[in-house]
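Structure, as structure tokens:
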Amino acid sequence: MGNRAVKPKKTVSKSKDSSEKRVPIFIMGKKYEVPESLTIQKALEYAGFQLIRGCGCRGGICGACGTVYRFPDSYRIEVGLACQTVVEPNMYITQIPFFPANKATYDLEKLEPTGSTVMALYPEIFKCVGCGTCTRSCPMDIDVMEYISLAIRGDIAGAAELSFDCVMCGLCTARCPAEEAQYNVGILTRRLYGRHIAPRAKHVAESVENIQKKRFDKGLKTLKSMNLESLKRLYNDREIEPDMADEFWEPEDKKYIIVQ
Amino acid sequence: MKLHYYPGCTLKEKTTNLDDSTRAAMEVLGYELVEPENWTCCGAEFPLTEEKIVGLAAPTRILRQVELEGGDKVVTTCAFCFNVLKRTNEALLKDPLKHKRINAYLRDDIKIDPLTKKKTTDFAEYHETVWVLHLMEFIKYQIGYDKVKSHIKRDLANLKVAPYYGCRLLRPAGEVGIDIPDDPHIFEEFLENIGCEVVDFPFKQECCGSYISVSLPDAASEASYQILRSARYCGADMLALSCPLCYYNLDRRQDRIKERFFDFTGMPILFFTQLLALALGVDEKVLGLDQHYYDPRPVLSKMHKTEVVS
């Protein structure tokens, strides 16, 4: 929630299209009338809040704008990302952009992809009582409890796959009665999976080898010695891979293609 | 025949030999074991405080999943899981208020549609229609020893096995008990019917130290020593059990027991399902016999001399 020391401006700037219907929302308990098409994040800014934290990509990926809200006629706590959730009348909103979470320090190279590793780094996940609150509070619709369950029983690949959509907003952690940091456990399993379980990508190894053999050095040297104008020309005149090209497409000028 | 089976977390990580041997043995007996979808840890310990019912949520969810999948029974081999699931079932049956509170809570569970990735919020209640059975009970009352006998391929008559119940299978009496806690026989019957020579010993219901193993390892190793010594003095070659924690205390702690008690010589600890699978002629390789701290294979090799070729 931005900087709370910053007072919202007194005069709320009017929407350019004054005909747009406005809905009442409650930001931290105070009522604001905002255009109905805004997302929660836009509505906060419309209401005068300056967001310097709790706001990142504005595209539903970075997980900085975890938000909880409720409606007056329901007991349920609803969750969403502020940048992705459109306001609804009578929403009571507060952002929880950050929640303190236990974060283990580890050397990934030295870890084994087993349940014992997760147990050593995050022993608190074994306190899970299976209440399911984490799953209910995930704005990305991840079955959080299930991936924690898989981590507990040592299924690292399963936990990594199930937690893949996690944006690390921390809402699960904010609500966990067992005080777990589910999202940190999730990223641990994904790292373990990526480093120790997933098959190695051949082409990456090949490319690294090519770099080490200095096969790109000549071209790089040429580029470095060019002036700005000729660089621009080279870039603009380059041969572009067609949109629908298949995997066998090759450029006409093959002098930069490295054959193993 | 399909049968719902709840393995529990320990069987997937620390004691895969119990899981593997259960599956192998049940396959021979004609059962396909189905795990309830998205199962979680059962909690391992039934809530000891009457008012703290949150611990009932996880086991109830597991039982509800079995119910939703059309199952009327769920079989476990882990003594802890069995204890928790069975007691939860009993608690919900006996106490309508608990049933109401837990179901009111679980009704808000979110189910995520695998195709649309959307949350569907209406979830069924659990109606306590699932029968929680330990595999030993299932074999006695549902399969029948006669059928098991008809599938036996290996003669285990040379093995002197002491059955060790521990506490979770028997207590609290009335709620759990797969048999009478003070004078149980079901394990002995089971071992007799798969062809082992049963060795009765006075410590079969004594506590192995359970999870005091975490905070006071020496207390657990001493308790385990008493059990193993008693079994040895009564003439047993090996101890059979059903509980992964007893297995940990009695098998993995043997190094510590050896350090502390000079007369201790070690004893192989086997899961009852490993013996069952052996009797049913399952390949030894799938039973995880190499995972034991005390290698049971030298003792087991005794039986090969009299192996029945079928």
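Residues are referred to by chain and number: the chain letter is A, B, ... according to the order shown in the structure tokens, the number counts from 1 in that chain, and ligands are numbered separately from 1 in the order shown.
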Identify, on the basis of only C-alpha atoms, every residue whose closest approach to Ile77 of chain A does not exceed 12 Å; exclude the query and any residue fewer than 6 positions from it along the same chain; express the result as a VMD selection string.
(chain A and resid 67 to 71 91 to 94 133 to 134 136 to 139 171 175) or (chain B and resid 108)
Same residues, C-alpha atoms, output as a PDB file, in the first residue's frame:
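Dumped to again23.pdb:
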```
ATOM      1  CA  THR A  67      -4.745  -7.906  -2.079  1.00  0.00           C
ATOM      2  CA  VAL A  68      -7.487  -9.141   0.204  1.00  0.00           C
ATOM      3  CA  TYR A  69     -11.056  -7.922   0.140  1.00  0.00           C
ATOM      4  CA  ARG A  70     -14.481  -8.690   1.480  1.00  0.00           C
ATOM      5  CA  PHE A  71     -18.066  -7.821   0.703  1.00  0.00           C
ATOM      6  CA  MET A  91     -15.465  -4.079  -1.809  1.00  0.00           C
ATOM      7  CA  TYR A  92     -13.540  -3.602   1.388  1.00  0.00           C
ATOM      8  CA  ILE A  93      -9.945  -3.631   0.230  1.00  0.00           C
ATOM      9  CA  THR A  94      -6.505  -3.726   1.707  1.00  0.00           C
ATOM     10  CA  THR A 133      -6.490 -21.924   4.024  1.00  0.00           C
ATOM     11  CA  CYS A 134      -3.440 -21.444   1.787  1.00  0.00           C
ATOM     12  CA  ARG A 136      -8.261 -20.746  -0.490  1.00  0.00           C
ATOM     13  CA  SER A 137      -6.092 -17.638  -0.386  1.00  0.00           C
ATOM     14  CA  CYS A 138      -4.093 -18.155  -3.561  1.00  0.00           C
ATOM     15  CA  PRO A 139      -4.836 -15.520  -6.239  1.00  0.00           C
ATOM     16  CA  LEU A 171      -0.923 -14.322   0.770  1.00  0.00           C
ATOM     17  CA  ARG A 175      -2.876 -16.706   6.461  1.00  0.00           C
TER      18      ARG A 175
ATOM     19  CA  ASP B 108     -15.517 -23.828   1.681  1.00  0.00           C
TER      20      ASP B 108
END
```
When you get a sec, could you note down which chain A residues fall within 12 Å of chain B, using only C-alpha atoms, as a VMD selection string?
chain A and resid 75 to 78 113 to 119 125 to 156 158 to 159 162 165 177 to 178
Could you write out that same residue set with N, CA and C atoms as a compact mmCIF listing (two decimals), in the first residue's frame?
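For reference, result_20.txt as written:
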```
# COMPACT_ATOMS: atom_id res chain seq x y z
N TYR A 75 -19.09 -13.62 4.60
CA TYR A 75 -18.04 -13.82 5.59
C TYR A 75 -16.71 -14.14 4.94
N ARG A 76 -16.72 -14.40 3.65
CA ARG A 76 -15.53 -14.94 3.02
C ARG A 76 -14.46 -13.89 2.74
N ILE A 77 -13.23 -14.29 2.90
CA ILE A 77 -12.12 -13.42 2.52
C ILE A 77 -11.76 -13.77 1.07
N GLU A 78 -11.84 -12.75 0.21
CA GLU A 78 -11.51 -12.96 -1.18
C GLU A 78 -10.09 -12.45 -1.42
N PRO A 113 17.72 -33.51 -4.09
CA PRO A 113 16.28 -33.26 -4.30
C PRO A 113 15.41 -34.25 -3.55
N THR A 114 15.43 -34.20 -2.24
CA THR A 114 14.63 -35.14 -1.45
C THR A 114 13.79 -34.39 -0.42
N GLY A 115 12.85 -35.12 0.15
CA GLY A 115 12.02 -34.55 1.20
C GLY A 115 12.85 -34.16 2.42
N SER A 116 13.93 -34.91 2.67
CA SER A 116 14.77 -34.61 3.83
C SER A 116 15.40 -33.22 3.71
N THR A 117 15.74 -32.84 2.47
CA THR A 117 16.31 -31.51 2.24
C THR A 117 15.31 -30.44 2.63
N VAL A 118 14.08 -30.60 2.14
CA VAL A 118 13.04 -29.61 2.46
C VAL A 118 12.79 -29.60 3.96
N MET A 119 12.83 -30.79 4.57
CA MET A 119 12.58 -30.90 6.01
C MET A 119 13.66 -30.16 6.79
N ILE A 125 7.03 -26.96 7.81
CA ILE A 125 5.94 -27.44 6.95
C ILE A 125 5.31 -28.71 7.51
N PHE A 126 6.04 -29.37 8.41
CA PHE A 126 5.47 -30.57 9.01
C PHE A 126 4.43 -30.24 10.09
N LYS A 127 4.30 -28.94 10.37
CA LYS A 127 3.23 -28.51 11.28
C LYS A 127 1.90 -28.37 10.56
N CYS A 128 1.91 -28.52 9.24
CA CYS A 128 0.69 -28.34 8.44
C CYS A 128 -0.45 -29.19 9.04
N VAL A 129 -1.58 -28.54 9.33
CA VAL A 129 -2.71 -29.28 9.86
C VAL A 129 -3.72 -29.61 8.77
N GLY A 130 -3.40 -29.22 7.54
CA GLY A 130 -4.31 -29.53 6.44
C GLY A 130 -5.58 -28.71 6.46
N CYS A 131 -5.52 -27.47 6.95
CA CYS A 131 -6.74 -26.66 7.03
C CYS A 131 -7.15 -26.17 5.64
N GLY A 132 -6.18 -26.06 4.73
CA GLY A 132 -6.51 -25.66 3.36
C GLY A 132 -6.66 -24.18 3.16
N THR A 133 -6.34 -23.37 4.16
CA THR A 133 -6.49 -21.92 4.02
C THR A 133 -5.58 -21.36 2.93
N CYS A 134 -4.38 -21.93 2.81
CA CYS A 134 -3.44 -21.44 1.79
C CYS A 134 -4.04 -21.58 0.39
N THR A 135 -4.66 -22.73 0.13
CA THR A 135 -5.27 -22.96 -1.18
C THR A 135 -6.39 -21.96 -1.41
N ARG A 136 -7.16 -21.69 -0.35
CA ARG A 136 -8.26 -20.75 -0.49
C ARG A 136 -7.77 -19.33 -0.73
N SER A 137 -6.53 -19.02 -0.28
CA SER A 137 -6.09 -17.64 -0.39
C SER A 137 -5.10 -17.42 -1.51
N CYS A 138 -5.05 -18.34 -2.47
CA CYS A 138 -4.09 -18.15 -3.56
C CYS A 138 -4.74 -17.44 -4.74
N PRO A 139 -4.25 -16.24 -5.11
CA PRO A 139 -4.84 -15.52 -6.24
C PRO A 139 -4.51 -16.17 -7.59
N MET A 140 -3.55 -17.09 -7.59
CA MET A 140 -3.19 -17.76 -8.84
C MET A 140 -3.87 -19.12 -8.95
N ASP A 141 -4.80 -19.41 -8.05
CA ASP A 141 -5.53 -20.68 -8.06
C ASP A 141 -4.63 -21.90 -8.00
N ILE A 142 -3.58 -21.79 -7.23
CA ILE A 142 -2.70 -22.95 -7.05
C ILE A 142 -3.21 -23.73 -5.84
N ASP A 143 -3.13 -25.05 -5.94
CA ASP A 143 -3.48 -25.87 -4.78
C ASP A 143 -2.26 -25.92 -3.87
N VAL A 144 -2.12 -24.86 -3.05
CA VAL A 144 -0.91 -24.69 -2.23
C VAL A 144 -0.75 -25.84 -1.25
N MET A 145 -1.86 -26.18 -0.58
CA MET A 145 -1.78 -27.24 0.42
C MET A 145 -1.26 -28.54 -0.21
N GLU A 146 -1.69 -28.79 -1.44
CA GLU A 146 -1.29 -30.03 -2.11
C GLU A 146 0.22 -30.02 -2.43
N TYR A 147 0.75 -28.86 -2.86
CA TYR A 147 2.18 -28.90 -3.17
C TYR A 147 3.02 -28.98 -1.91
N ILE A 148 2.52 -28.40 -0.81
CA ILE A 148 3.23 -28.55 0.47
C ILE A 148 3.17 -30.03 0.88
N SER A 149 2.00 -30.63 0.64
CA SER A 149 1.83 -32.04 0.95
C SER A 149 2.81 -32.91 0.15
N LEU A 150 2.98 -32.56 -1.13
CA LEU A 150 3.91 -33.32 -1.97
C LEU A 150 5.35 -33.12 -1.48
N ALA A 151 5.67 -31.88 -1.05
CA ALA A 151 7.02 -31.61 -0.54
C ALA A 151 7.26 -32.43 0.73
N ILE A 152 6.24 -32.52 1.58
CA ILE A 152 6.37 -33.29 2.83
C ILE A 152 6.70 -34.74 2.52
N ARG A 153 6.04 -35.27 1.50
CA ARG A 153 6.30 -36.68 1.22
C ARG A 153 7.43 -36.88 0.21
N GLY A 154 8.21 -35.83 -0.04
CA GLY A 154 9.43 -35.98 -0.84
C GLY A 154 9.24 -35.99 -2.34
N ASP A 155 8.04 -35.65 -2.82
CA ASP A 155 7.81 -35.61 -4.26
C ASP A 155 8.19 -34.22 -4.77
N ILE A 156 9.49 -34.01 -4.99
CA ILE A 156 10.00 -32.68 -5.34
C ILE A 156 9.49 -32.26 -6.72
N GLY A 158 6.80 -33.20 -8.26
CA GLY A 158 5.37 -32.90 -8.18
C GLY A 158 5.13 -31.53 -7.58
N ALA A 159 5.85 -31.22 -6.50
CA ALA A 159 5.68 -29.92 -5.84
C ALA A 159 6.13 -28.80 -6.76
N LEU A 162 3.41 -28.33 -9.45
CA LEU A 162 2.16 -27.77 -8.94
C LEU A 162 2.32 -26.31 -8.51
N ASP A 165 3.03 -21.87 -11.09
CA ASP A 165 2.41 -20.58 -11.38
C ASP A 165 2.58 -19.56 -10.26
N PRO A 177 -1.99 -20.90 9.54
CA PRO A 177 -1.97 -21.07 10.98
C PRO A 177 -0.73 -21.81 11.48
N ALA A 178 -0.05 -22.53 10.58
CA ALA A 178 1.15 -23.25 10.99
C ALA A 178 2.40 -22.39 10.77
```
Write down as a short mmCIF file (atom, residue, chain, number, x, y, z; two decimals) with N, CA and C atoms, in the first residue's frame the residues belonging to segment 39-277 of chain B that are assigned strand (DSSP E or B) by DSSP computed on the backbone.
```cif
data_model
loop_
_atom_site.label_atom_id
_atom_site.label_comp_id
_atom_site.auth_asym_id
_atom_site.auth_seq_id
_atom_site.Cartn_x
_atom_site.Cartn_y
_atom_site.Cartn_z
N LYS B 73 -14.51 -48.15 1.53
CA LYS B 73 -13.47 -48.58 2.46
C LYS B 73 -12.18 -47.86 2.11
N VAL B 74 -11.34 -47.66 3.11
CA VAL B 74 -9.99 -47.22 2.83
C VAL B 74 -9.05 -48.03 3.71
N VAL B 75 -8.00 -48.54 3.07
CA VAL B 75 -7.07 -49.41 3.77
C VAL B 75 -5.76 -48.66 3.99
N THR B 76 -5.18 -48.83 5.18
CA THR B 76 -3.87 -48.24 5.45
C THR B 76 -2.96 -49.32 5.99
N LYS B 111 -12.08 -26.27 -4.99
CA LYS B 111 -11.67 -27.28 -5.95
C LYS B 111 -11.32 -26.53 -7.23
N ILE B 112 -10.18 -26.84 -7.79
CA ILE B 112 -9.77 -26.14 -9.00
C ILE B 112 -10.02 -27.04 -10.20
N LYS B 119 -11.86 -21.77 -9.86
CA LYS B 119 -12.23 -22.32 -8.58
C LYS B 119 -13.71 -22.70 -8.59
N THR B 120 -14.01 -23.90 -8.15
CA THR B 120 -15.41 -24.24 -7.92
C THR B 120 -15.53 -24.42 -6.41
N TRP B 131 -15.28 -46.86 5.59
CA TRP B 131 -14.84 -47.78 6.63
C TRP B 131 -13.32 -47.80 6.60
N VAL B 132 -12.71 -47.39 7.72
CA VAL B 132 -11.25 -47.36 7.78
C VAL B 132 -10.75 -48.70 8.30
N LEU B 133 -9.93 -49.33 7.49
CA LEU B 133 -9.44 -50.67 7.85
C LEU B 133 -7.92 -50.71 7.80
N HIS B 134 -7.34 -51.37 8.76
CA HIS B 134 -5.92 -51.68 8.64
C HIS B 134 -5.81 -52.89 7.71
N LYS B 160 11.32 -67.73 12.36
CA LYS B 160 10.71 -67.53 13.67
C LYS B 160 10.47 -66.03 13.83
N VAL B 161 9.21 -65.66 13.73
CA VAL B 161 8.88 -64.24 13.69
C VAL B 161 8.11 -63.83 14.95
N ALA B 162 8.57 -62.73 15.56
CA ALA B 162 7.85 -62.17 16.71
C ALA B 162 6.99 -61.01 16.23
N PRO B 163 5.67 -61.09 16.43
CA PRO B 163 4.82 -59.98 16.00
C PRO B 163 4.86 -58.84 17.01
N GLU B 197 6.64 -69.27 11.59
CA GLU B 197 6.56 -69.78 12.95
C GLU B 197 6.45 -68.57 13.88
N VAL B 198 5.38 -68.49 14.65
CA VAL B 198 5.13 -67.31 15.47
C VAL B 198 5.79 -67.46 16.83
N MET B 238 13.43 -62.65 13.92
CA MET B 238 13.13 -61.32 13.43
C MET B 238 11.84 -60.81 14.05
N LEU B 239 11.67 -59.48 13.91
CA LEU B 239 10.48 -58.84 14.45
C LEU B 239 9.65 -58.34 13.27
N ALA B 240 8.34 -58.58 13.32
CA ALA B 240 7.47 -58.05 12.27
C ALA B 240 6.63 -56.94 12.87
N LEU B 241 6.39 -55.87 12.10
CA LEU B 241 5.58 -54.76 12.60
C LEU B 241 4.87 -54.04 11.46
N ILE B 269 14.32 -56.30 11.30
CA ILE B 269 12.96 -55.83 11.51
C ILE B 269 12.28 -55.81 10.14
N LEU B 270 11.16 -56.51 10.02
CA LEU B 270 10.46 -56.51 8.75
C LEU B 270 9.03 -56.00 8.91
N PHE B 271 8.55 -55.37 7.85
CA PHE B 271 7.14 -55.01 7.84
C PHE B 271 6.32 -56.26 7.54
#
```
Name all residues at most 12 Å from segment 137-149 of chain B (count only C-alpha atoms; drop same-chain ones fewer than 4 positions away) and give them as a PyMOL selection string.
chain B and resi 1+3-5+22+25-31+73-77+82+131-133+153-155+169+176-179+185-196+272-273+276-277+279-281
Env of Gly170 of chain A: 7 Å cut, atoms = only C-alpha atoms, seq-sep filter 2 positions within chain, self excluded. Answer as JSON, numbers by chain.
{"A": [98, 99, 168, 172, 173, 174, 183]}
Prev. selection, N, CA and C atoms, output as a PDB file, in the first residue's frame:
```
ATOM      1  N   PHE A  98       3.507  -7.255   1.088  1.00  0.00           N
ATOM      2  CA  PHE A  98       4.656  -7.993   1.595  1.00  0.00           C
ATOM      3  C   PHE A  98       4.258  -8.662   2.888  1.00  0.00           C
ATOM      4  N   PHE A  99       4.740  -9.873   3.085  1.00  0.00           N
ATOM      5  CA  PHE A  99       4.500 -10.516   4.367  1.00  0.00           C
ATOM      6  C   PHE A  99       5.803 -11.171   4.812  1.00  0.00           C
ATOM      7  N   MET A 168       4.715 -15.581  -5.839  1.00  0.00           N
ATOM      8  CA  MET A 168       5.363 -15.205  -4.581  1.00  0.00           C
ATOM      9  C   MET A 168       4.719 -13.976  -3.931  1.00  0.00           C
ATOM     10  N   CYS A 172      -0.615 -16.731   0.975  1.00  0.00           N
ATOM     11  CA  CYS A 172      -0.737 -18.016   1.681  1.00  0.00           C
ATOM     12  C   CYS A 172      -0.015 -17.935   3.013  1.00  0.00           C
ATOM     13  N   THR A 173       1.166 -17.362   2.968  1.00  0.00           N
ATOM     14  CA  THR A 173       1.990 -17.232   4.172  1.00  0.00           C
ATOM     15  C   THR A 173       1.311 -16.329   5.198  1.00  0.00           C
ATOM     16  N   ALA A 174       0.652 -15.292   4.703  1.00  0.00           N
ATOM     17  CA  ALA A 174      -0.022 -14.364   5.608  1.00  0.00           C
ATOM     18  C   ALA A 174      -1.116 -15.063   6.391  1.00  0.00           C
ATOM     19  N   TYR A 183       5.447 -20.130  -0.079  1.00  0.00           N
ATOM     20  CA  TYR A 183       6.007 -19.729  -1.375  1.00  0.00           C
ATOM     21  C   TYR A 183       7.514 -19.928  -1.437  1.00  0.00           C
TER      22      TYR A 183
END
```
